[in-house]
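Step one of this worksheet: look at the structure below.
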Amino acid sequence: MPDGTSKRIDGRAISDEITKGISKQVQILKEAKITPGLAAILVGENPASKIYVKNKRKACQDTGIYFEEYNLPLDTTQGRLYSLIDKLNSKNDINGIIVQLPLPKHLDEKRITSRVACDKDVDGFCPKNAGLMLQGSYRLLPCTPAGIMELLRHENIKTEGKFSTVIGRSNIVGKPMAILLLHADSTVTICHRKTKNLKEICLKSDIIVCAAGKAGLITGDMVKKGAIVIDVGMNRDSNGKIVGDVLFDEVSKKASHITPVPGGVGPMTVAMLLKNVITATFLQNPHVPLKFNRY
Ligand code: ADP
C-alpha cells in the first residue's frame with residue numbers, strides 16, 4: 001500500500017461472507033423443521049428507521065429467515081406496545097424481536113426494550129443479556145459492537161495491549177463496545193460529550209471507534225499515523241449525503257485501516273442481527289445441536 005494511504009475496510013464484502021454462512025445455518029434449521037423468524041416493530045414515520053427496517057427485511061429474505069413487520073402509528077401507547085411485544089414473545093414462529101429505535105418521546109425506550117423476552121432479544125439490550133456480556137459470558141450481543149469486533153478479527157487487527165478509544169457512551173454502541181474491547185485485552189478509554197481533551201486522547205490511540213453522531217468530529221490532526229479508525233456515525237451533510245463522524249479524506253492519509261460510511265460498520269450491524277436471530281433460534285430449540293460459532 002503506498003505511503004500515506006490507508007486500507008479501506010470493506011464492511012459490505014465481509015458482511016456478505018457472514019451472510020452466506022447464515023444462509024447455511026438457516027438450511028440446517030429448516031432441515032430440523034424450524035424456520036427462524038424475526039419480527040420488527042416500527043412506531044411512527046421516521047424516514048431513517050424505515051430504511052433500516054427495509055434493509056433488515058431484505059437481509060432476512062435473502063437468507064431465508066421469516067420476517068414480520070408491525071408499523072404502528074405515532075400516537076401508539078406504551079400499553080399497546082407492551083401487548084404487541086407480549087404477543088410476539090409467545091409466538092412460536094418468531095425467534096427474534098426488534099423494536100426500532102428511536103421511539104417517539106412519550107414512550108419509555110428502556111422499559112419497552114426490556115419487555116422483549118431475553119431469549120428473543122436479538123438487539124442484546126435486555127438487562128440479562130447486557131449483564132452477562134459485562135461478565136464476559138456472551139449470549140446475544142448488541143449488533144453494532146459485535147459487528148466491529150468481527151471486522152477487526154477479519155482484518156487480523158490485534159486488540160491485545162492496544163490503547164483503544166471509544167467515543168460515545170450509549171447503551172447500544174459506546175458502552176458495550178468498550179466492554180468488548182476490554183475483554184479483548186485492550187486498554188480502553190471512553191470519551192463523551194463532556195470529555196475535555198478528546199484530541200489528546202485520540203492522538204495516543206491505536207484504535208479509535210467513533211460513535212458520537214457528529215459529522216466531522218474526527219479530523220486528520222487527531223489521529224496518529226498507523227491508527228485504526230472505525231466510524232459508526234451516520235449523519236447527513238448539508239447536501240443530504242450520508243457521512244460518518246470521521247473526515248475520511250483527511251484521516252485516511254494517517255490511519256492504517258479505516259471504515260467508510262456507508263459500506264463499513266452499517267452492513268456488519270445487519271449481519272450481526274441475522275447471526276443473533278440464528279443464535280436465538282438455537283437457544284429456543286436446545287434439542288437442535290448448535291453447529292454455529294457464536295462469539
Ligand atoms: P448512538 O446510539 O450511535 O450511540 P447516541 O446519540 O445515543 O448515539 O450517543 C451519542 C454519544 O456520543 C453520547 O454518548 C455523547 O456523549 C457522545 N458525543 C456526542 N457528541 C460528542 C462530542 N462532540 N465529543 C465526544 N462525544 C460526543
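Following the order of the C-alpha cells, first chain is A, next is B, and so on, with residues numbered from 1 inside each chain and ligands from 1 in the order they appear.
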
### Spatial neighbours of A:Thr159, max dist 7 Å, only C-alpha atoms, sep filter under 4 positions, as a PyMOL selection string
chain A and resi 184-186

Set the cut-off to 8 Å, count only C-alpha atoms and all ligand atoms, and list whatever residues fall near ligand 1 as an mmCIF file with all heavy atoms, in the first residue's frame.
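Output (pocket14.cif):
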```
data_model
loop_
_atom_site.group_PDB
_atom_site.id
_atom_site.type_symbol
_atom_site.label_atom_id
_atom_site.label_comp_id
_atom_site.auth_asym_id
_atom_site.auth_seq_id
_atom_site.Cartn_x
_atom_site.Cartn_y
_atom_site.Cartn_z
ATOM 1 N N ILE A 167 -15.536 6.637 21.361
ATOM 2 C CA ILE A 167 -16.167 7.956 21.518
ATOM 3 C C ILE A 167 -17.675 7.744 21.445
ATOM 4 O O ILE A 167 -18.192 7.277 20.425
ATOM 5 C CB ILE A 167 -15.676 8.939 20.445
ATOM 6 C CG1 ILE A 167 -14.146 9.011 20.511
ATOM 7 C CG2 ILE A 167 -16.306 10.312 20.644
ATOM 8 C CD1 ILE A 167 -13.504 9.573 19.268
ATOM 9 N N GLY A 168 -18.353 8.056 22.565
ATOM 10 C CA GLY A 168 -19.789 7.776 22.701
ATOM 11 C C GLY A 168 -19.991 6.772 23.823
ATOM 12 O O GLY A 168 -19.185 5.850 23.984
ATOM 13 N N ARG A 169 -21.036 6.977 24.610
ATOM 14 C CA ARG A 169 -21.279 6.098 25.769
ATOM 15 C C ARG A 169 -22.717 5.607 25.822
ATOM 16 O O ARG A 169 -23.305 5.434 26.884
ATOM 17 C CB ARG A 169 -20.923 6.818 27.067
ATOM 18 C CG ARG A 169 -21.692 8.113 27.212
ATOM 19 C CD ARG A 169 -21.443 8.806 28.507
ATOM 20 N NE ARG A 169 -21.852 10.196 28.394
ATOM 21 C CZ ARG A 169 -21.733 11.090 29.360
ATOM 22 N NH1 ARG A 169 -21.220 10.750 30.511
ATOM 23 N NH2 ARG A 169 -22.127 12.324 29.179
ATOM 24 N N SER A 170 -23.324 5.436 24.640
ATOM 25 C CA SER A 170 -24.709 4.953 24.639
ATOM 26 C C SER A 170 -24.737 3.476 25.057
ATOM 27 O O SER A 170 -23.727 2.771 24.951
ATOM 28 C CB SER A 170 -25.335 5.105 23.250
ATOM 29 O OG SER A 170 -24.769 4.174 22.367
ATOM 30 N N ASN A 171 -25.919 3.035 25.509
ATOM 31 C CA ASN A 171 -26.074 1.627 25.898
ATOM 32 C C ASN A 171 -26.037 0.713 24.687
ATOM 33 O O ASN A 171 -25.815 -0.490 24.809
ATOM 34 C CB ASN A 171 -27.409 1.421 26.621
ATOM 35 C CG ASN A 171 -27.375 2.027 28.000
ATOM 36 O OD1 ASN A 171 -26.332 2.027 28.658
ATOM 37 N ND2 ASN A 171 -28.489 2.571 28.444
ATOM 38 N N ILE A 172 -26.292 1.282 23.512
ATOM 39 C CA ILE A 172 -26.406 0.475 22.295
ATOM 40 C C ILE A 172 -25.052 0.292 21.628
ATOM 41 O O ILE A 172 -24.742 -0.770 21.109
ATOM 42 C CB ILE A 172 -27.400 1.161 21.322
ATOM 43 C CG1 ILE A 172 -28.756 1.331 21.995
ATOM 44 C CG2 ILE A 172 -27.507 0.411 20.017
ATOM 45 C CD1 ILE A 172 -29.711 2.218 21.243
ATOM 46 N N VAL A 173 -24.235 1.339 21.628
ATOM 47 C CA VAL A 173 -22.949 1.245 20.929
ATOM 48 C C VAL A 173 -21.757 1.474 21.873
ATOM 49 O O VAL A 173 -20.972 0.563 22.146
ATOM 50 C CB VAL A 173 -22.861 2.227 19.727
ATOM 51 C CG1 VAL A 173 -21.563 1.986 18.967
ATOM 52 C CG2 VAL A 173 -24.036 2.078 18.780
ATOM 53 N N GLY A 174 -21.604 2.696 22.371
ATOM 54 C CA GLY A 174 -20.375 3.068 23.081
ATOM 55 C C GLY A 174 -20.032 2.153 24.251
ATOM 56 O O GLY A 174 -18.937 1.572 24.302
ATOM 57 N N CYS A 191 -14.807 8.221 25.720
ATOM 58 C CA CYS A 191 -14.987 9.678 25.651
ATOM 59 C C CYS A 191 -16.456 9.978 25.369
ATOM 60 O O CYS A 191 -17.166 9.155 24.806
ATOM 61 C CB CYS A 191 -14.144 10.267 24.523
ATOM 62 S SG CYS A 191 -12.389 10.006 24.759
ATOM 63 N N HIS A 192 -16.884 11.157 25.761
ATOM 64 C CA HIS A 192 -18.282 11.553 25.566
ATOM 65 C C HIS A 192 -18.362 13.064 25.456
ATOM 66 O O HIS A 192 -17.324 13.742 25.398
ATOM 67 C CB HIS A 192 -19.136 11.012 26.723
ATOM 68 C CG HIS A 192 -18.533 11.277 28.048
ATOM 69 N ND1 HIS A 192 -18.606 12.492 28.664
ATOM 70 C CD2 HIS A 192 -17.755 10.487 28.838
ATOM 71 C CE1 HIS A 192 -17.939 12.432 29.803
ATOM 72 N NE2 HIS A 192 -17.405 11.234 29.931
ATOM 73 N N ARG A 193 -19.580 13.554 25.432
ATOM 74 C CA ARG A 193 -19.822 14.984 25.230
ATOM 75 C C ARG A 193 -19.043 15.878 26.200
ATOM 76 O O ARG A 193 -18.706 16.999 25.856
ATOM 77 C CB ARG A 193 -21.326 15.226 25.429
ATOM 78 C CG ARG A 193 -21.938 16.136 24.409
ATOM 79 C CD ARG A 193 -23.427 16.228 24.676
ATOM 80 N NE ARG A 193 -24.123 15.024 24.232
ATOM 81 C CZ ARG A 193 -24.568 14.848 22.990
ATOM 82 N NH1 ARG A 193 -24.384 15.780 22.092
ATOM 83 N NH2 ARG A 193 -25.195 13.744 22.651
ATOM 84 N N LYS A 194 -18.788 15.412 27.408
ATOM 85 C CA LYS A 194 -18.139 16.269 28.411
ATOM 86 C C LYS A 194 -16.617 16.056 28.467
ATOM 87 O O LYS A 194 -15.941 16.646 29.307
ATOM 88 C CB LYS A 194 -18.726 15.993 29.807
ATOM 89 C CG LYS A 194 -20.224 16.219 29.909
ATOM 90 C CD LYS A 194 -20.543 17.698 29.904
ATOM 91 C CE LYS A 194 -21.993 17.914 29.548
ATOM 92 N NZ LYS A 194 -22.795 18.565 30.491
ATOM 93 N N THR A 195 -16.100 15.187 27.615
ATOM 94 C CA THR A 195 -14.650 14.943 27.619
ATOM 95 C C THR A 195 -13.935 16.212 27.153
ATOM 96 O O THR A 195 -14.315 16.809 26.143
ATOM 97 C CB THR A 195 -14.318 13.761 26.674
ATOM 98 O OG1 THR A 195 -14.998 12.609 27.166
ATOM 99 C CG2 THR A 195 -12.827 13.496 26.611
ATOM 100 N N LEU A 198 -10.320 15.517 23.998
ATOM 101 C CA LEU A 198 -10.579 14.454 23.016
ATOM 102 C C LEU A 198 -9.405 14.278 22.043
ATOM 103 O O LEU A 198 -8.957 13.152 21.793
ATOM 104 C CB LEU A 198 -11.865 14.790 22.244
ATOM 105 C CG LEU A 198 -12.338 13.738 21.259
ATOM 106 C CD1 LEU A 198 -12.727 12.446 21.962
ATOM 107 C CD2 LEU A 198 -13.532 14.245 20.439
ATOM 108 N N ALA A 211 -18.513 6.784 17.769
ATOM 109 C CA ALA A 211 -19.973 6.594 17.712
ATOM 110 C C ALA A 211 -20.645 7.768 18.407
ATOM 111 O O ALA A 211 -21.377 7.594 19.371
ATOM 112 C CB ALA A 211 -20.352 5.276 18.381
ATOM 113 N N ALA A 212 -20.361 8.971 17.910
ATOM 114 C CA ALA A 212 -20.905 10.170 18.551
ATOM 115 C C ALA A 212 -22.102 10.736 17.797
ATOM 116 O O ALA A 212 -22.903 11.470 18.359
ATOM 117 C CB ALA A 212 -19.825 11.235 18.663
ATOM 118 N N GLY A 213 -22.222 10.420 16.516
ATOM 119 C CA GLY A 213 -23.308 11.000 15.722
ATOM 120 C C GLY A 213 -23.071 12.462 15.418
ATOM 121 O O GLY A 213 -23.998 13.268 15.434
ATOM 122 N N LYS A 214 -21.794 12.817 15.136
ATOM 123 C CA LYS A 214 -21.462 14.229 14.849
ATOM 124 C C LYS A 214 -20.506 14.267 13.660
ATOM 125 O O LYS A 214 -19.344 13.840 13.776
ATOM 126 C CB LYS A 214 -20.803 14.834 16.096
ATOM 127 C CG LYS A 214 -20.735 16.330 16.036
ATOM 128 C CD LYS A 214 -20.377 16.914 17.401
ATOM 129 C CE LYS A 214 -20.484 18.424 17.391
ATOM 130 N NZ LYS A 214 -19.490 19.070 16.552
ATOM 131 N N LEU A 217 -16.360 15.128 13.390
ATOM 132 C CA LEU A 217 -15.776 15.187 14.747
ATOM 133 C C LEU A 217 -14.294 14.789 14.741
ATOM 134 O O LEU A 217 -13.478 15.376 15.429
ATOM 135 C CB LEU A 217 -16.576 14.264 15.687
ATOM 136 C CG LEU A 217 -16.144 14.254 17.148
ATOM 137 C CD1 LEU A 217 -16.379 15.615 17.798
ATOM 138 C CD2 LEU A 217 -16.892 13.177 17.944
ATOM 139 N N VAL A 232 -18.664 4.820 13.241
ATOM 140 C CA VAL A 232 -20.028 4.314 13.435
ATOM 141 C C VAL A 232 -21.072 5.376 13.057
ATOM 142 O O VAL A 232 -22.255 5.094 12.987
ATOM 143 C CB VAL A 232 -20.223 3.849 14.901
ATOM 144 C CG1 VAL A 232 -21.552 3.138 15.091
ATOM 145 C CG2 VAL A 232 -19.097 2.934 15.353
ATOM 146 N N GLY A 233 -20.615 6.609 12.834
ATOM 147 C CA GLY A 233 -21.551 7.723 12.590
ATOM 148 C C GLY A 233 -22.381 7.530 11.329
ATOM 149 O O GLY A 233 -21.950 6.901 10.363
#
```

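Here the residues within stretch 123-246 of chain A that DSSP labels strand (DSSP E or B) on the basis of the backbone are Phe163, Ser164, Thr165, Val166, Ile167, Thr187, Val188, Thr189, Ile190, Cys191, Ile207, Ile208, Val209, Cys210, Ile218, Ile228, Val229, Ile230, Asp231, Asn235, Arg236, Ile242, Val243 and Val246 of chain A.
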
Write a file of the selected residues as a CSV table (one decimal), in the first residue's frame, keeping N, CA, C and O atoms.
```csv
chain,number,residue,atom,x,y,z
A,163,PHE,N,-4.0,0.5,22.9
A,163,PHE,CA,-4.7,1.6,23.5
A,163,PHE,C,-5.9,2.0,22.6
A,163,PHE,O,-5.8,2.5,21.5
A,164,SER,N,-7.1,1.6,23.1
A,164,SER,CA,-8.4,1.8,22.3
A,164,SER,C,-9.2,2.9,22.9
A,164,SER,O,-9.5,2.9,24.1
A,165,THR,N,-9.7,3.7,22.0
A,165,THR,CA,-10.6,4.8,22.5
A,165,THR,C,-12.0,4.7,21.8
A,165,THR,O,-12.1,4.5,20.6
A,166,VAL,N,-13.0,4.7,22.7
A,166,VAL,CA,-14.4,4.7,22.1
A,166,VAL,C,-15.0,6.0,22.4
A,166,VAL,O,-15.0,6.5,23.5
A,167,ILE,N,-15.5,6.6,21.4
A,167,ILE,CA,-16.2,8.0,21.5
A,167,ILE,C,-17.7,7.7,21.4
A,167,ILE,O,-18.2,7.3,20.4
A,187,THR,N,-6.6,-1.7,26.4
A,187,THR,CA,-6.7,-0.7,27.4
A,187,THR,C,-7.7,0.4,26.9
A,187,THR,O,-7.4,1.0,25.8
A,188,VAL,N,-8.8,0.5,27.5
A,188,VAL,CA,-9.9,1.3,26.9
A,188,VAL,C,-10.2,2.6,27.6
A,188,VAL,O,-10.3,2.7,28.8
A,189,THR,N,-10.4,3.6,26.8
A,189,THR,CA,-10.8,4.9,27.3
A,189,THR,C,-12.2,5.2,26.6
A,189,THR,O,-12.3,5.0,25.4
A,190,ILE,N,-13.1,5.7,27.4
A,190,ILE,CA,-14.4,6.1,26.8
A,190,ILE,C,-14.5,7.6,26.9
A,190,ILE,O,-14.3,8.2,27.9
A,191,CYS,N,-14.8,8.2,25.7
A,191,CYS,CA,-15.0,9.7,25.7
A,191,CYS,C,-16.5,10.0,25.4
A,191,CYS,O,-17.2,9.2,24.8
A,207,ILE,N,-6.4,2.3,18.4
A,207,ILE,CA,-7.7,2.0,17.7
A,207,ILE,C,-8.7,3.1,18.2
A,207,ILE,O,-8.8,3.4,19.4
A,208,ILE,N,-9.4,3.7,17.3
A,208,ILE,CA,-10.4,4.7,17.6
A,208,ILE,C,-11.8,4.2,17.0
A,208,ILE,O,-11.9,3.9,15.8
A,209,VAL,N,-12.8,4.1,17.9
A,209,VAL,CA,-14.1,3.7,17.4
A,209,VAL,C,-15.0,5.0,17.7
A,209,VAL,O,-15.2,5.3,18.9
A,210,CYS,N,-15.5,5.6,16.7
A,210,CYS,CA,-16.2,6.8,16.9
A,210,CYS,C,-17.7,6.6,16.7
A,210,CYS,O,-18.2,6.3,15.6
A,218,ILE,N,-14.0,13.8,14.0
A,218,ILE,CA,-12.6,13.3,14.0
A,218,ILE,C,-11.9,13.8,12.7
A,218,ILE,O,-12.2,13.4,11.6
A,228,ILE,N,-6.0,2.7,13.8
A,228,ILE,CA,-7.1,2.0,13.1
A,228,ILE,C,-8.4,2.8,13.5
A,228,ILE,O,-8.6,3.1,14.7
A,229,VAL,N,-9.1,3.2,12.5
A,229,VAL,CA,-10.2,4.1,12.8
A,229,VAL,C,-11.6,3.5,12.3
A,229,VAL,O,-11.7,3.2,11.1
A,230,ILE,N,-12.5,3.3,13.2
A,230,ILE,CA,-13.8,2.7,12.9
A,230,ILE,C,-14.8,3.8,13.1
A,230,ILE,O,-15.0,4.3,14.2
A,231,ASP,N,-15.6,4.0,12.0
A,231,ASP,CA,-16.6,5.1,12.0
A,231,ASP,C,-18.0,4.6,12.1
A,231,ASP,O,-18.5,3.9,11.2
A,235,ASN,N,-24.6,10.4,9.6
A,235,ASN,CA,-25.1,11.7,9.6
A,235,ASN,C,-25.4,12.2,8.2
A,235,ASN,O,-24.9,11.6,7.2
A,236,ARG,N,-26.3,13.2,8.0
A,236,ARG,CA,-26.5,13.8,6.7
A,236,ARG,C,-25.8,15.1,6.6
A,236,ARG,O,-25.9,15.9,7.5
A,242,ILE,N,-25.1,10.9,3.1
A,242,ILE,CA,-24.8,10.2,4.3
A,242,ILE,C,-23.3,10.3,4.6
A,242,ILE,O,-22.5,9.9,3.7
A,243,VAL,N,-22.9,10.8,5.7
A,243,VAL,CA,-21.5,10.9,6.1
A,243,VAL,C,-21.3,10.3,7.5
A,243,VAL,O,-22.2,10.3,8.3
A,246,VAL,N,-16.2,10.8,10.9
A,246,VAL,CA,-14.7,10.9,10.7
A,246,VAL,C,-14.6,11.6,9.3
A,246,VAL,O,-15.3,11.2,8.3
```

### Message
Considering only helix (DSSP H, G or I) as DSSP defines it on the backbone, what residues of stretch 47-191 of chain A qualify? List them as a PyMOL selection string.
### Response
chain A and resi 47-63+78-89+109-115+118-120+127-134+143-154+174-183

### Query
Hey, can you check how far atom CA of A:Asn55 sits from atom CA of A:Ser137?
29.3 Å

What lies within 12 Å of A:Leu29 using only C-alpha atoms, ignoring chain neighbours under 5 positions off, as an mmCIF file with C-alpha atoms, in the first residue's frame?
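Output below, filename around31.cif:
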```cif
data_model
loop_
_atom_site.group_PDB
_atom_site.id
_atom_site.type_symbol
_atom_site.label_atom_id
_atom_site.label_comp_id
_atom_site.auth_asym_id
_atom_site.auth_seq_id
_atom_site.Cartn_x
_atom_site.Cartn_y
_atom_site.Cartn_z
ATOM 1 C CA ILE A 22 -26.032 -17.593 7.958
ATOM 2 C CA SER A 23 -27.945 -18.909 4.919
ATOM 3 C CA LYS A 24 -26.313 -22.297 5.567
ATOM 4 C CA ILE A 34 -37.519 -24.941 12.137
ATOM 5 C CA THR A 35 -37.679 -21.655 10.206
ATOM 6 C CA PRO A 36 -36.008 -18.840 12.140
ATOM 7 C CA GLY A 37 -38.307 -15.804 12.386
ATOM 8 C CA GLY A 64 -34.404 -17.448 4.237
ATOM 9 C CA ILE A 65 -35.342 -16.008 7.635
ATOM 10 C CA VAL A 277 -31.629 -14.452 15.118
ATOM 11 C CA ILE A 278 -29.908 -17.792 14.430
ATOM 12 C CA THR A 279 -28.365 -17.898 17.917
ATOM 13 C CA ALA A 280 -31.755 -17.066 19.458
ATOM 14 C CA THR A 281 -33.403 -19.827 17.411
ATOM 15 C CA PHE A 282 -30.885 -22.348 18.725
ATOM 16 C CA GLN A 284 -35.124 -21.670 21.923
ATOM 17 C CA ASN A 285 -34.580 -25.120 20.394
ATOM 18 C CA PRO A 286 -31.977 -26.751 22.626
ATOM 19 C CA HIS A 287 -32.636 -30.183 21.078
ATOM 20 C CA VAL A 288 -31.042 -28.990 17.790
ATOM 21 C CA PRO A 289 -27.256 -29.257 18.118
ATOM 22 C CA LEU A 290 -25.582 -25.893 17.701
ATOM 23 C CA LYS A 291 -23.300 -26.115 14.673
ATOM 24 C CA PHE A 292 -22.529 -22.466 14.878
#
```

### Task
Please identify all polymer residues within 9 Å of stretch 145-158 of chain A, counting only C-alpha atoms, omitting same-chain residues fewer than 4 positions from it, and present them as a ChimeraX atom specification.
/A:9-11,14-15,141,162,172-174,176-178,180-181,184,209,228,230,257,264-272,295

Using N, CA and C atoms, can you write the selected residues to a file as a PDB file, in the first residue's frame?
```pdb
ATOM      1  N   ILE A   9     -11.577  -0.617   4.959  1.00  0.00           N
ATOM      2  CA  ILE A   9     -12.167  -1.909   5.346  1.00  0.00           C
ATOM      3  C   ILE A   9     -13.541  -2.023   4.681  1.00  0.00           C
ATOM      4  N   ASP A  10     -13.722  -3.071   3.907  1.00  0.00           N
ATOM      5  CA  ASP A  10     -14.950  -3.225   3.131  1.00  0.00           C
ATOM      6  C   ASP A  10     -15.993  -4.035   3.922  1.00  0.00           C
ATOM      7  N   GLY A  11     -16.782  -3.303   4.695  1.00  0.00           N
ATOM      8  CA  GLY A  11     -17.787  -3.955   5.541  1.00  0.00           C
ATOM      9  C   GLY A  11     -18.832  -4.708   4.735  1.00  0.00           C
ATOM     10  N   ILE A  14     -17.328  -8.136   3.767  1.00  0.00           N
ATOM     11  CA  ILE A  14     -17.194  -9.012   4.939  1.00  0.00           C
ATOM     12  C   ILE A  14     -18.586  -9.468   5.399  1.00  0.00           C
ATOM     13  N   SER A  15     -19.543  -8.552   5.358  1.00  0.00           N
ATOM     14  CA  SER A  15     -20.892  -8.935   5.790  1.00  0.00           C
ATOM     15  C   SER A  15     -21.506  -9.938   4.806  1.00  0.00           C
ATOM     16  N   LEU A 141     -25.348 -10.440  21.741  1.00  0.00           N
ATOM     17  CA  LEU A 141     -24.598  -9.185  21.892  1.00  0.00           C
ATOM     18  C   LEU A 141     -25.232  -8.071  21.060  1.00  0.00           C
ATOM     19  N   LYS A 162      -3.436  -3.013  23.133  1.00  0.00           N
ATOM     20  CA  LYS A 162      -3.557  -1.764  22.364  1.00  0.00           C
ATOM     21  C   LYS A 162      -4.296  -0.720  23.199  1.00  0.00           C
ATOM     22  N   ILE A 172     -26.292   1.282  23.512  1.00  0.00           N
ATOM     23  CA  ILE A 172     -26.406   0.475  22.295  1.00  0.00           C
ATOM     24  C   ILE A 172     -25.052   0.292  21.628  1.00  0.00           C
ATOM     25  N   VAL A 173     -24.235   1.339  21.628  1.00  0.00           N
ATOM     26  CA  VAL A 173     -22.949   1.245  20.929  1.00  0.00           C
ATOM     27  C   VAL A 173     -21.757   1.474  21.873  1.00  0.00           C
ATOM     28  N   GLY A 174     -21.604   2.696  22.371  1.00  0.00           N
ATOM     29  CA  GLY A 174     -20.375   3.068  23.081  1.00  0.00           C
ATOM     30  C   GLY A 174     -20.032   2.153  24.251  1.00  0.00           C
ATOM     31  N   PRO A 176     -21.245  -0.965  25.310  1.00  0.00           N
ATOM     32  CA  PRO A 176     -20.889  -2.358  25.003  1.00  0.00           C
ATOM     33  C   PRO A 176     -19.608  -2.474  24.176  1.00  0.00           C
ATOM     34  N   MET A 177     -19.349  -1.508  23.309  1.00  0.00           N
ATOM     35  CA  MET A 177     -18.105  -1.539  22.509  1.00  0.00           C
ATOM     36  C   MET A 177     -16.883  -1.527  23.432  1.00  0.00           C
ATOM     37  N   ALA A 178     -16.946  -0.641  24.424  1.00  0.00           N
ATOM     38  CA  ALA A 178     -15.826  -0.527  25.367  1.00  0.00           C
ATOM     39  C   ALA A 178     -15.632  -1.850  26.115  1.00  0.00           C
ATOM     40  N   LEU A 180     -16.469  -4.928  25.109  1.00  0.00           N
ATOM     41  CA  LEU A 180     -15.927  -5.971  24.219  1.00  0.00           C
ATOM     42  C   LEU A 180     -14.435  -5.751  23.980  1.00  0.00           C
ATOM     43  N   LEU A 181     -14.026  -4.515  23.812  1.00  0.00           N
ATOM     44  CA  LEU A 181     -12.589  -4.232  23.600  1.00  0.00           C
ATOM     45  C   LEU A 181     -11.796  -4.547  24.872  1.00  0.00           C
ATOM     46  N   ALA A 184     -11.249  -8.029  25.121  1.00  0.00           N
ATOM     47  CA  ALA A 184     -10.265  -8.453  24.111  1.00  0.00           C
ATOM     48  C   ALA A 184      -8.891  -7.864  24.450  1.00  0.00           C
ATOM     49  N   VAL A 209     -12.779   4.070  17.916  1.00  0.00           N
ATOM     50  CA  VAL A 209     -14.132   3.747  17.440  1.00  0.00           C
ATOM     51  C   VAL A 209     -14.982   4.971  17.733  1.00  0.00           C
ATOM     52  N   ILE A 228      -5.973   2.652  13.758  1.00  0.00           N
ATOM     53  CA  ILE A 228      -7.128   2.009  13.118  1.00  0.00           C
ATOM     54  C   ILE A 228      -8.361   2.842  13.482  1.00  0.00           C
ATOM     55  N   ILE A 230     -12.470   3.323  13.206  1.00  0.00           N
ATOM     56  CA  ILE A 230     -13.768   2.714  12.894  1.00  0.00           C
ATOM     57  C   ILE A 230     -14.843   3.780  13.092  1.00  0.00           C
ATOM     58  N   HIS A 257      -5.873   1.544   8.776  1.00  0.00           N
ATOM     59  CA  HIS A 257      -7.139   0.957   8.348  1.00  0.00           C
ATOM     60  C   HIS A 257      -8.255   1.926   8.719  1.00  0.00           C
ATOM     61  N   GLY A 264     -19.270   0.452   5.688  1.00  0.00           N
ATOM     62  CA  GLY A 264     -18.328  -0.028   6.696  1.00  0.00           C
ATOM     63  C   GLY A 264     -19.069  -0.793   7.783  1.00  0.00           C
ATOM     64  N   VAL A 265     -19.349  -0.072   8.879  1.00  0.00           N
ATOM     65  CA  VAL A 265     -19.987  -0.705  10.050  1.00  0.00           C
ATOM     66  C   VAL A 265     -21.456  -1.079   9.772  1.00  0.00           C
ATOM     67  N   GLY A 266     -22.163  -0.255   8.993  1.00  0.00           N
ATOM     68  CA  GLY A 266     -23.609  -0.453   8.770  1.00  0.00           C
ATOM     69  C   GLY A 266     -23.975  -1.869   8.335  1.00  0.00           C
ATOM     70  N   PRO A 267     -23.391  -2.365   7.228  1.00  0.00           N
ATOM     71  CA  PRO A 267     -23.751  -3.726   6.791  1.00  0.00           C
ATOM     72  C   PRO A 267     -23.406  -4.796   7.825  1.00  0.00           C
ATOM     73  N   MET A 268     -22.363  -4.538   8.630  1.00  0.00           N
ATOM     74  CA  MET A 268     -21.986  -5.521   9.668  1.00  0.00           C
ATOM     75  C   MET A 268     -23.048  -5.592  10.755  1.00  0.00           C
ATOM     76  N   THR A 269     -23.676  -4.460  11.047  1.00  0.00           N
ATOM     77  CA  THR A 269     -24.725  -4.436  12.073  1.00  0.00           C
ATOM     78  C   THR A 269     -25.882  -5.343  11.646  1.00  0.00           C
ATOM     79  N   VAL A 270     -26.248  -5.260  10.371  1.00  0.00           N
ATOM     80  CA  VAL A 270     -27.350  -6.101   9.873  1.00  0.00           C
ATOM     81  C   VAL A 270     -26.933  -7.577   9.903  1.00  0.00           C
ATOM     82  N   ALA A 271     -25.687  -7.865   9.499  1.00  0.00           N
ATOM     83  CA  ALA A 271     -25.220  -9.266   9.506  1.00  0.00           C
ATOM     84  C   ALA A 271     -25.247  -9.843  10.927  1.00  0.00           C
ATOM     85  N   MET A 272     -24.872  -9.010  11.918  1.00  0.00           N
ATOM     86  CA  MET A 272     -24.869  -9.491  13.308  1.00  0.00           C
ATOM     87  C   MET A 272     -26.290  -9.691  13.831  1.00  0.00           C
ATOM     88  N   TYR A 295     -19.779 -16.481  19.492  1.00  0.00           N
ATOM     89  CA  TYR A 295     -18.868 -15.337  19.564  1.00  0.00           C
ATOM     90  C   TYR A 295     -17.509 -15.786  20.036  1.00  0.00           C
TER      91      TYR A 295
END
```

### Message
Quick one: residues within 9 Å of A:Lys275, only C-alpha atoms, excluding same-chain residues fewer than 6 positions away - as a ChimeraX atom specification?
### Response
/A:18-19,22,122,143,294

Those residues with N, CA, C and O atoms, as a compact mmCIF listing (two decimals), in the first residue's frame please?
```txt
# COMPACT_ATOMS: atom_id res chain seq x y z
N ILE A 18 -20.33 -13.32 5.85
CA ILE A 18 -21.03 -13.78 7.06
C ILE A 18 -22.45 -14.21 6.69
O ILE A 18 -22.95 -15.24 7.15
N THR A 19 -23.08 -13.44 5.82
CA THR A 19 -24.46 -13.73 5.44
C THR A 19 -24.56 -15.09 4.74
O THR A 19 -25.53 -15.82 4.94
N ILE A 22 -24.72 -17.61 7.30
CA ILE A 22 -26.03 -17.59 7.96
C ILE A 22 -27.06 -18.35 7.12
O ILE A 22 -27.86 -19.12 7.66
N VAL A 122 -32.79 -9.98 20.21
CA VAL A 122 -31.70 -10.05 19.23
C VAL A 122 -30.94 -8.72 19.07
O VAL A 122 -29.96 -8.65 18.35
N CYS A 143 -25.66 -5.53 18.26
CA CYS A 143 -25.20 -5.86 16.90
C CYS A 143 -24.04 -5.00 16.41
O CYS A 143 -23.12 -5.51 15.78
N ARG A 294 -20.64 -19.07 17.81
CA ARG A 294 -21.38 -17.90 18.33
C ARG A 294 -20.48 -16.68 18.45
O ARG A 294 -20.41 -15.88 17.55
```

### Near-stretch 93-110 of chain A list (7 Å; only C-alpha atoms; drop same-chain fewer than 4 positions) as an MDAnalysis selection string
chainID A and resid 36:43 49 74 78 88 114 116 120:123 277 280:281

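Closest approach to A:Gly21 among A:Leu274, A:Gly79, A:Glu250, A:Asp86: A:Leu274, based on only C-alpha atoms.
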